[in-house]
$ cat query37.txt   # compact mmCIF, C-alpha atoms
# COMPACT_ATOMS: atom_id res chain seq x y z
CA MET A 1 0.00 0.00 0.00
CA LEU A 2 2.84 2.38 0.88
CA THR A 3 4.60 1.54 -2.38
CA ALA A 4 1.43 2.27 -4.34
CA ALA A 5 1.04 5.59 -2.56
CA ARG A 6 4.62 6.55 -3.37
CA ALA A 7 4.14 5.55 -6.99
CA ALA A 8 1.01 7.68 -7.19
CA LEU A 9 2.86 10.65 -5.69
CA ALA A 10 5.76 10.22 -8.12
CA LEU A 11 3.35 10.09 -11.04
CA ARG A 12 1.53 13.18 -9.81
CA ARG A 13 4.78 15.09 -9.42
CA THR A 14 5.88 14.04 -12.90
CA TRP A 15 2.66 15.53 -14.24
CA TRP A 16 3.24 18.69 -12.24
CA ARG A 17 6.76 18.96 -13.66
CA VAL A 18 5.49 18.54 -17.24
CA ARG A 19 2.93 21.29 -16.72
CA ASP A 20 5.58 23.51 -15.13
CA TYR A 21 7.82 23.33 -18.20
CA ALA A 22 4.86 23.65 -20.54
CA TYR A 23 4.07 26.93 -18.82
CA VAL A 24 7.67 28.09 -19.34
CA LEU A 25 7.46 27.38 -23.07
CA HIS A 26 4.12 29.14 -23.30
CA ARG A 27 5.32 32.27 -21.51
CA GLN A 28 8.55 32.44 -23.52
CA ALA A 29 6.61 32.17 -26.79
CA VAL A 30 4.08 34.77 -25.72
CA GLY A 31 6.93 37.06 -24.68
CA VAL A 32 8.48 36.88 -28.13
CA LEU A 33 5.17 37.51 -29.91
CA ALA A 34 3.71 40.10 -27.56
CA ARG A 35 3.23 43.61 -28.85
CA GLY A 36 3.89 46.75 -26.88
CA GLY A 37 6.96 47.70 -24.91
CA PRO A 38 7.50 48.43 -21.24
CA GLU A 39 6.77 52.15 -21.65
CA GLY A 40 3.07 51.32 -21.82
CA TYR A 41 3.11 50.40 -18.13
CA LEU A 42 4.51 53.70 -16.85
CA ASP A 43 1.45 55.98 -16.96
CA PRO A 44 -1.69 54.35 -15.55
CA ASP A 45 -4.74 56.58 -15.26
CA PRO A 46 -5.59 57.18 -12.49
CA ARG A 47 -2.20 56.57 -10.88
CA GLU A 48 -1.89 54.97 -7.49
CA HIS A 49 1.05 54.86 -5.07
CA PRO A 50 3.49 53.09 -5.05
CA ASP A 51 5.38 52.30 -8.25
CA VAL A 52 6.40 48.67 -8.77
CA VAL A 53 9.60 47.26 -10.26
CA LEU A 54 9.52 43.75 -11.75
CA VAL A 55 12.64 41.55 -11.66
CA PRO A 56 12.44 38.19 -13.50
CA GLY A 57 14.32 34.96 -12.87
CA VAL A 58 17.22 33.36 -14.71
CA TYR A 59 16.65 32.85 -18.46
CA GLU A 60 13.56 35.03 -18.18
CA SER A 61 13.04 38.40 -19.84
CA TRP A 62 10.77 41.02 -18.29
CA GLN A 63 8.01 39.67 -20.55
CA PHE A 64 7.85 36.53 -18.40
CA LEU A 65 6.19 38.59 -15.67
CA ARG A 66 3.89 40.46 -18.02
CA PRO A 67 0.70 38.97 -16.50
CA LEU A 68 1.63 40.57 -13.17
CA ALA A 69 2.48 43.82 -14.96
CA ASP A 70 -0.98 43.80 -16.53
CA GLU A 71 -2.69 43.20 -13.17
CA LEU A 72 -0.76 45.94 -11.38
CA HIS A 73 -1.12 48.48 -14.18
CA ALA A 74 -4.86 47.84 -14.35
CA ARG A 75 -5.04 48.76 -10.67
CA GLY A 76 -3.28 52.07 -11.22
CA HIS A 77 0.35 51.27 -10.42
CA ALA A 78 3.19 52.35 -12.67
CA VAL A 79 5.24 49.26 -13.47
CA HIS A 80 8.95 49.48 -14.24
CA VAL A 81 10.99 46.71 -15.84
CA LEU A 82 14.70 46.23 -16.51
CA PRO A 83 15.27 45.46 -20.20
CA ALA A 84 19.02 45.84 -19.61
CA LEU A 85 18.98 42.46 -17.86
CA GLY A 86 18.03 40.69 -21.08
CA TYR A 87 17.35 37.06 -20.17
CA ASN A 88 18.98 37.57 -16.78
CA ARG A 89 21.93 35.23 -17.22
CA GLY A 90 24.55 37.46 -15.62
CA PRO A 91 25.80 37.52 -12.03
CA VAL A 92 23.40 38.49 -9.25
CA GLU A 93 25.76 41.31 -8.24
CA SER A 94 25.73 43.01 -11.64
CA ALA A 95 21.95 42.66 -11.94
CA ALA A 96 21.50 44.18 -8.48
CA ALA A 97 23.62 47.12 -9.62
CA VAL A 98 21.34 47.54 -12.67
CA LEU A 99 18.32 47.64 -10.36
CA GLY A 100 19.95 50.20 -8.07
CA ALA A 101 20.95 52.37 -11.05
CA HIS A 102 17.39 52.31 -12.39
CA LEU A 103 15.98 53.41 -9.04
CA ARG A 104 18.29 56.41 -9.06
CA SER A 105 17.98 57.36 -12.72
CA ALA A 106 14.17 57.26 -12.58
CA ASP A 107 14.23 58.86 -9.11
CA LEU A 108 11.92 56.15 -7.75
CA ARG A 109 11.06 56.19 -4.07
CA ASP A 110 9.04 53.94 -1.78
CA VAL A 111 8.80 51.32 -4.52
CA VAL A 112 7.78 47.69 -4.19
CA VAL A 113 9.92 45.14 -6.02
CA VAL A 114 8.06 42.08 -7.30
CA ALA A 115 10.50 39.34 -8.25
CA HIS A 116 10.56 35.74 -9.41
CA SER A 117 13.22 33.18 -8.47
CA LYS A 118 16.68 34.69 -9.09
CA GLY A 119 14.97 38.08 -9.15
CA GLY A 120 14.43 37.82 -5.40
CA LEU A 121 18.17 37.37 -4.86
CA ILE A 122 18.81 40.39 -7.07
CA GLY A 123 16.27 42.44 -5.15
CA LYS A 124 17.66 41.48 -1.76
CA LEU A 125 21.24 42.25 -2.77
CA ALA A 126 20.13 45.59 -4.21
CA MET A 127 18.43 46.44 -0.91
CA ILE A 128 21.66 45.68 0.94
CA ARG A 129 24.33 47.14 -1.35
CA HIS A 130 22.77 49.34 -4.02
CA ASP A 131 19.99 51.20 -2.27
CA PRO A 132 21.55 53.50 0.35
CA ASP A 133 18.57 55.87 0.14
CA ARG A 134 16.13 53.03 0.85
CA ARG A 135 14.18 53.63 -2.32
CA ILE A 136 12.95 50.01 -2.12
CA ALA A 137 10.34 49.95 0.61
CA ARG A 138 9.34 46.29 0.25
CA MET A 139 9.85 43.24 -1.90
CA LEU A 140 7.55 40.37 -2.79
CA ALA A 141 9.73 37.45 -3.89
CA VAL A 142 8.13 34.42 -5.57
CA ALA A 143 9.90 31.04 -5.58
CA THR A 144 13.26 32.54 -4.64
CA PRO A 145 16.10 30.19 -3.58
CA PHE A 146 17.27 32.35 -0.69
CA GLY A 147 19.47 29.53 0.56
CA GLY A 148 20.42 28.32 -2.90
CA SER A 149 19.58 24.99 -4.51
CA SER A 150 21.55 21.76 -4.22
CA LEU A 151 20.18 20.72 -7.63
CA ALA A 152 22.21 23.45 -9.34
CA ARG A 153 25.20 21.07 -9.38
CA LEU A 154 23.34 18.91 -11.93
CA VAL A 155 23.21 21.65 -14.58
CA PRO A 156 26.52 22.44 -16.33
CA LEU A 157 25.65 26.09 -16.93
CA ARG A 158 27.35 28.95 -15.10
CA ALA A 159 24.09 30.88 -14.75
CA VAL A 160 22.54 27.92 -12.91
CA ARG A 161 25.62 26.80 -10.94
CA ALA A 162 25.50 30.24 -9.33
CA PHE A 163 22.59 28.94 -7.22
CA LEU A 164 24.70 26.40 -5.34
CA PRO A 165 24.39 26.94 -1.57
CA THR A 166 28.19 27.26 -1.44
CA ASP A 167 28.30 30.10 -3.97
CA PRO A 168 29.77 33.16 -2.20
CA THR A 169 26.87 35.44 -3.12
CA ILE A 170 24.25 32.90 -2.06
CA ALA A 171 26.08 32.17 1.20
CA ALA A 172 26.44 35.88 2.01
CA LEU A 173 22.77 36.60 1.28
CA ALA A 174 21.65 33.65 3.41
CA VAL A 175 23.33 34.99 6.55
CA GLU A 176 22.48 38.66 5.91
CA ARG A 177 19.09 39.32 7.52
CA SER A 178 19.06 43.10 7.89
CA VAL A 179 16.43 43.57 5.16
CA ASN A 180 14.41 40.37 5.64
CA ALA A 181 11.67 42.16 7.59
CA ARG A 182 10.84 44.13 4.43
CA ILE A 183 10.49 41.00 2.29
CA THR A 184 7.48 38.75 1.75
CA SER A 185 8.39 35.34 0.38
CA ALA A 186 5.72 33.43 -1.55
CA TYR A 187 6.31 29.90 -2.81
CA SER A 188 4.67 26.69 -3.95
CA HIS A 189 4.02 23.78 -1.63
CA TRP A 190 6.15 21.77 -4.08
CA ASP A 191 9.02 23.33 -6.02
CA PRO A 192 11.15 20.87 -8.04
CA HIS A 193 13.97 23.40 -8.35
CA ILE A 194 14.36 24.37 -4.69
CA PRO A 195 14.41 21.24 -2.47
CA ALA A 196 15.10 23.29 0.66
CA GLY A 197 12.20 25.62 -0.04
CA SER A 198 11.90 29.40 -0.04
CA VAL A 199 11.04 30.15 3.59
CA LEU A 200 12.94 33.31 4.56
CA PRO A 201 13.87 33.62 8.26
CA GLY A 202 12.72 36.91 9.73
CA ALA A 203 10.63 37.77 6.67
CA ARG A 204 7.69 40.12 6.88
CA ASP A 205 5.66 37.09 5.83
CA ASN A 206 6.13 33.64 4.34
CA VAL A 207 3.20 32.55 2.17
CA GLU A 208 2.71 29.02 0.87
CA LEU A 209 0.65 28.79 -2.32
CA ALA A 210 -1.30 25.77 -3.52
CA THR A 211 -0.22 25.66 -7.17
CA PRO A 212 2.69 23.22 -7.60
CA GLY A 213 5.80 24.14 -9.55
CA HIS A 214 8.58 26.69 -9.74
CA PHE A 215 7.01 28.56 -12.66
CA ARG A 216 3.31 27.73 -12.54
CA VAL A 217 3.17 29.17 -9.03
CA LEU A 218 3.03 32.51 -10.88
CA THR A 219 -0.49 31.51 -11.98
CA ASP A 220 -1.73 30.73 -8.48
CA PRO A 221 -5.10 32.45 -7.88
CA ARG A 222 -3.88 33.81 -4.54
CA LEU A 223 -0.68 35.34 -5.88
CA VAL A 224 -2.24 38.55 -7.18
CA ASP A 225 -3.82 39.10 -3.76
CA VAL A 226 -0.45 38.52 -2.06
CA VAL A 227 1.23 40.97 -4.43
CA LEU A 228 -1.47 43.58 -3.91
CA ALA A 229 -1.27 43.12 -0.14
CA ALA A 230 2.43 44.04 -0.24
CA VAL A 231 1.76 47.00 -2.54
CA ARG A 232 -1.17 48.30 -0.51
CA ALA A 233 0.73 47.92 2.75
CA GLU A 234 3.36 50.28 1.40
CA ALA A 235 0.67 52.70 0.15
CA ALA A 236 -0.95 52.77 3.60
CA GLN A 237 2.37 53.38 5.32
CA ALA A 238 3.29 56.16 2.90
CA ASP A 239 -0.07 57.94 3.37
CA PRO A 240 -0.70 58.35 7.14
CA PRO A 241 -4.17 59.40 8.35
CA ALA A 242 -4.99 63.09 8.22
CA GLN A 243 -5.21 63.33 12.01
CA ALA A 244 -1.70 61.95 12.40
CA GLY A 245 -0.49 64.65 10.03
CA ALA A 246 -2.29 67.30 12.07
CA ASP A 247 -0.68 66.01 15.25
CA ASP A 248 2.72 66.20 13.61
CA ARG A 249 2.07 69.80 12.58
CA ASP A 250 1.01 70.66 16.16
CA ASP A 251 4.25 69.13 17.43
CA ASP A 252 6.22 71.19 14.91
CA ARG A 253 4.49 74.39 16.03
CA ALA A 254 5.20 73.56 19.68
CA ASP A 255 8.87 73.03 18.80
CA ASP A 256 8.91 76.40 17.00
CA ARG A 257 7.45 78.15 20.05
CA ALA A 258 10.06 76.49 22.27
CA ASP A 259 12.79 77.72 19.94
CA ASP A 260 11.34 81.26 20.10
CA ARG A 261 11.36 81.22 23.90
CA ALA A 262 14.95 80.02 23.94
CA ALA A 263 15.94 82.86 21.63
CA ASP A 264 13.91 85.51 23.53
CA PRO A 265 13.36 84.79 27.26
CA ALA A 266 10.92 87.69 27.48
CA ALA A 267 8.53 85.88 25.18
CA GLY A 268 8.32 82.99 27.64
CA ALA A 269 7.49 85.36 30.50
CA GLY A 270 4.25 86.58 29.05
CA GLY A 271 4.96 87.87 25.56
CA ARG A 272 7.23 90.22 23.75
CA PRO A 273 7.57 93.76 25.16
$ encode --input "query37.txt" --output "structure tokens"
Amino acid sequence: MLTAARAALALRRTWWRVRDYAYVLHRQAVGVLARGGPEGYLDPDPREHPDVVLVPGVYESWQFLRPLADELHARGHAVHVLPALGYNRGPVESAAAVLGAHLRSADLRDVVVVAHSKGGLIGKLAMIRHDPDRRIARMLAVATPFGGSSLARLVPLRAVRAFLPTDPTIAALAVERSVNARITSAYSHWDPHIPAGSVLPGARDNVELATPGHFRVLTDPRLVDVVLAAVRAEAAQADPPAQAGADDRDDDRADDRADDRAADPAAGAGGRP
């Protein structure tokens, strides 16, 4: 009975894997054939805070995340992408520098990064090394191998071997937790590419999604809600209630009066002569 159960599970996972790669082929084909460039996502009407930056995974162009770009743009968020990454085969460090440079050149502030797989590593490294002004407020990382993947040793490609847990960048990011509280990690209950999973210690939130796969998890019905929750949380924090603003102004006026009294003792004794 146990053997039969294991066989059934293996068969089910094989089917999940087939569908995962079928989704990759579909998205890559759609990306090549899709019309319209990234500039179409920059001016939603009406425009809502905050702006969002999309960072794809390895061997993925920005087009791979176009469904999320469509969802966010339709809800009023300007969506920025990084065409300079191409298919994102370069080192995590250089890609993080590209992200940091884009934040500065576009003068983006309080943005939310939405990333897939390797994109989450890029986003985290950018937060640590390439964002001294804290322009990235939050990140939502989907299926990111924060601790690397032991399966990377099976693929003889430099872009994939860079995910080994022993890789210096991966190892450094795994122990660096200073920005984890600003990251939400979302992941599938079964990811064939990340045996150790994507749970991020000290994260703002770790969210397990029901759709199996490393790529098909991007189609999970809950994912858009998780993304929007991260985006809206930043919008709420950036726009405090009116009363809080009034209280701050009262405090400022009280500080001004204290400064006046310090400069003119007569004013504190009942007014100016």
$ residues_near_point --input "query37.txt" --point "(-1.1, 48.3, -11.5)" --cutoff "12 Å" --atoms "all atoms listed in the file" --output "PyMOL selection string"
chain A and resi 40-54+66-80+112+114+224+227-228+231-232
$ atom_distance --input "query37.txt" --atom1 "atom CA of Ala126 of chain A" --atom2 "atom CA of Thr184 of chain A"
15.6 Å
$ closest_residue --input "query37.txt" --among "A:Arg109, A:Arg216, A:Arg153, A:Arg134" --to "Asp167 of chain A" --atoms "all atoms listed in the file"
A:Arg153
$ atom_distance --input "query37.txt" --atom1 "atom CA of Ile170 of chain A" --atom2 "atom CA of Ser198 of chain A"
13.0 Å
$ residues_near_point --input "query37.txt" --point "(18.2, 37.7, -5.6)" --cutoff "9 Å" --atoms "only C-alpha atoms" --output "count of residues only"
23
$ residues_around --input "query37.txt" --residues "Thr166 of chain A" --least-positions-apart "2" --cutoff "12 Å" --atoms "only C-alpha atoms" --output "ChimeraX atom specification"
/A:147-150,152-153,161-164,168-174
$ atom_distance --input "query37.txt" --atom1 "atom CA of Thr3 of chain A" --atom2 "atom CA of Asp20 of chain A"
25.4 Å
$ closest_residue --input "query37.txt" --among "A:Ala106, A:Leu209, A:Ala29, A:Ile128" --to "Pro221 of chain A" --atoms "all atoms listed in the file"
A:Leu209
$ closest_residue --input "query37.txt" --among "A:Ala84, A:Val175, A:Ala101, A:Trp190" --to "Gly202 of chain A" --atoms "only C-alpha atoms"
A:Val175
$ residues_around --input "query37.txt" --residues "Pro192 of chain A" --least-positions-apart "6" --cutoff "9 Å" --atoms "only C-alpha atoms" --output "ChimeraX atom specification"
/A:13,17,212-214
$ write_last_selection --input "query37.txt" --atoms "C-alpha atoms" --output "PDB file, in the coordinates of the input"
ATOM      1  CA  ARG A  13       4.780  15.090  -9.420  1.00  0.00           C
ATOM      2  CA  ARG A  17       6.760  18.960 -13.660  1.00  0.00           C
ATOM      3  CA  PRO A 212       2.690  23.220  -7.600  1.00  0.00           C
ATOM      4  CA  GLY A 213       5.800  24.140  -9.550  1.00  0.00           C
ATOM      5  CA  HIS A 214       8.580  26.690  -9.740  1.00  0.00           C
TER       6      HIS A 214
END
$ closest_residue --input "query37.txt" --among "A:Val155, A:Ala34, A:Leu140, A:Ile194" --to "Val226 of chain A" --atoms "all atoms listed in the file"
A:Leu140
$ residues_around --input "query37.txt" --residues "Gln63 of chain A" --least-positions-apart "6" --cutoff "8 Å" --atoms "only C-alpha atoms" --output "ChimeraX atom specification"
/A:27-28,31
$ closest_residue --input "query37.txt" --among "A:Ala210, A:Ala235, A:Ala159, A:Ala181" --to "Tyr59 of chain A" --atoms "all atoms listed in the file"
A:Ala159
$ closest_residue --input "query37.txt" --among "A:Arg177, A:Arg222, A:Arg89, A:Arg129" --to "Pro201 of chain A" --atoms "all atoms listed in the file"
A:Arg177
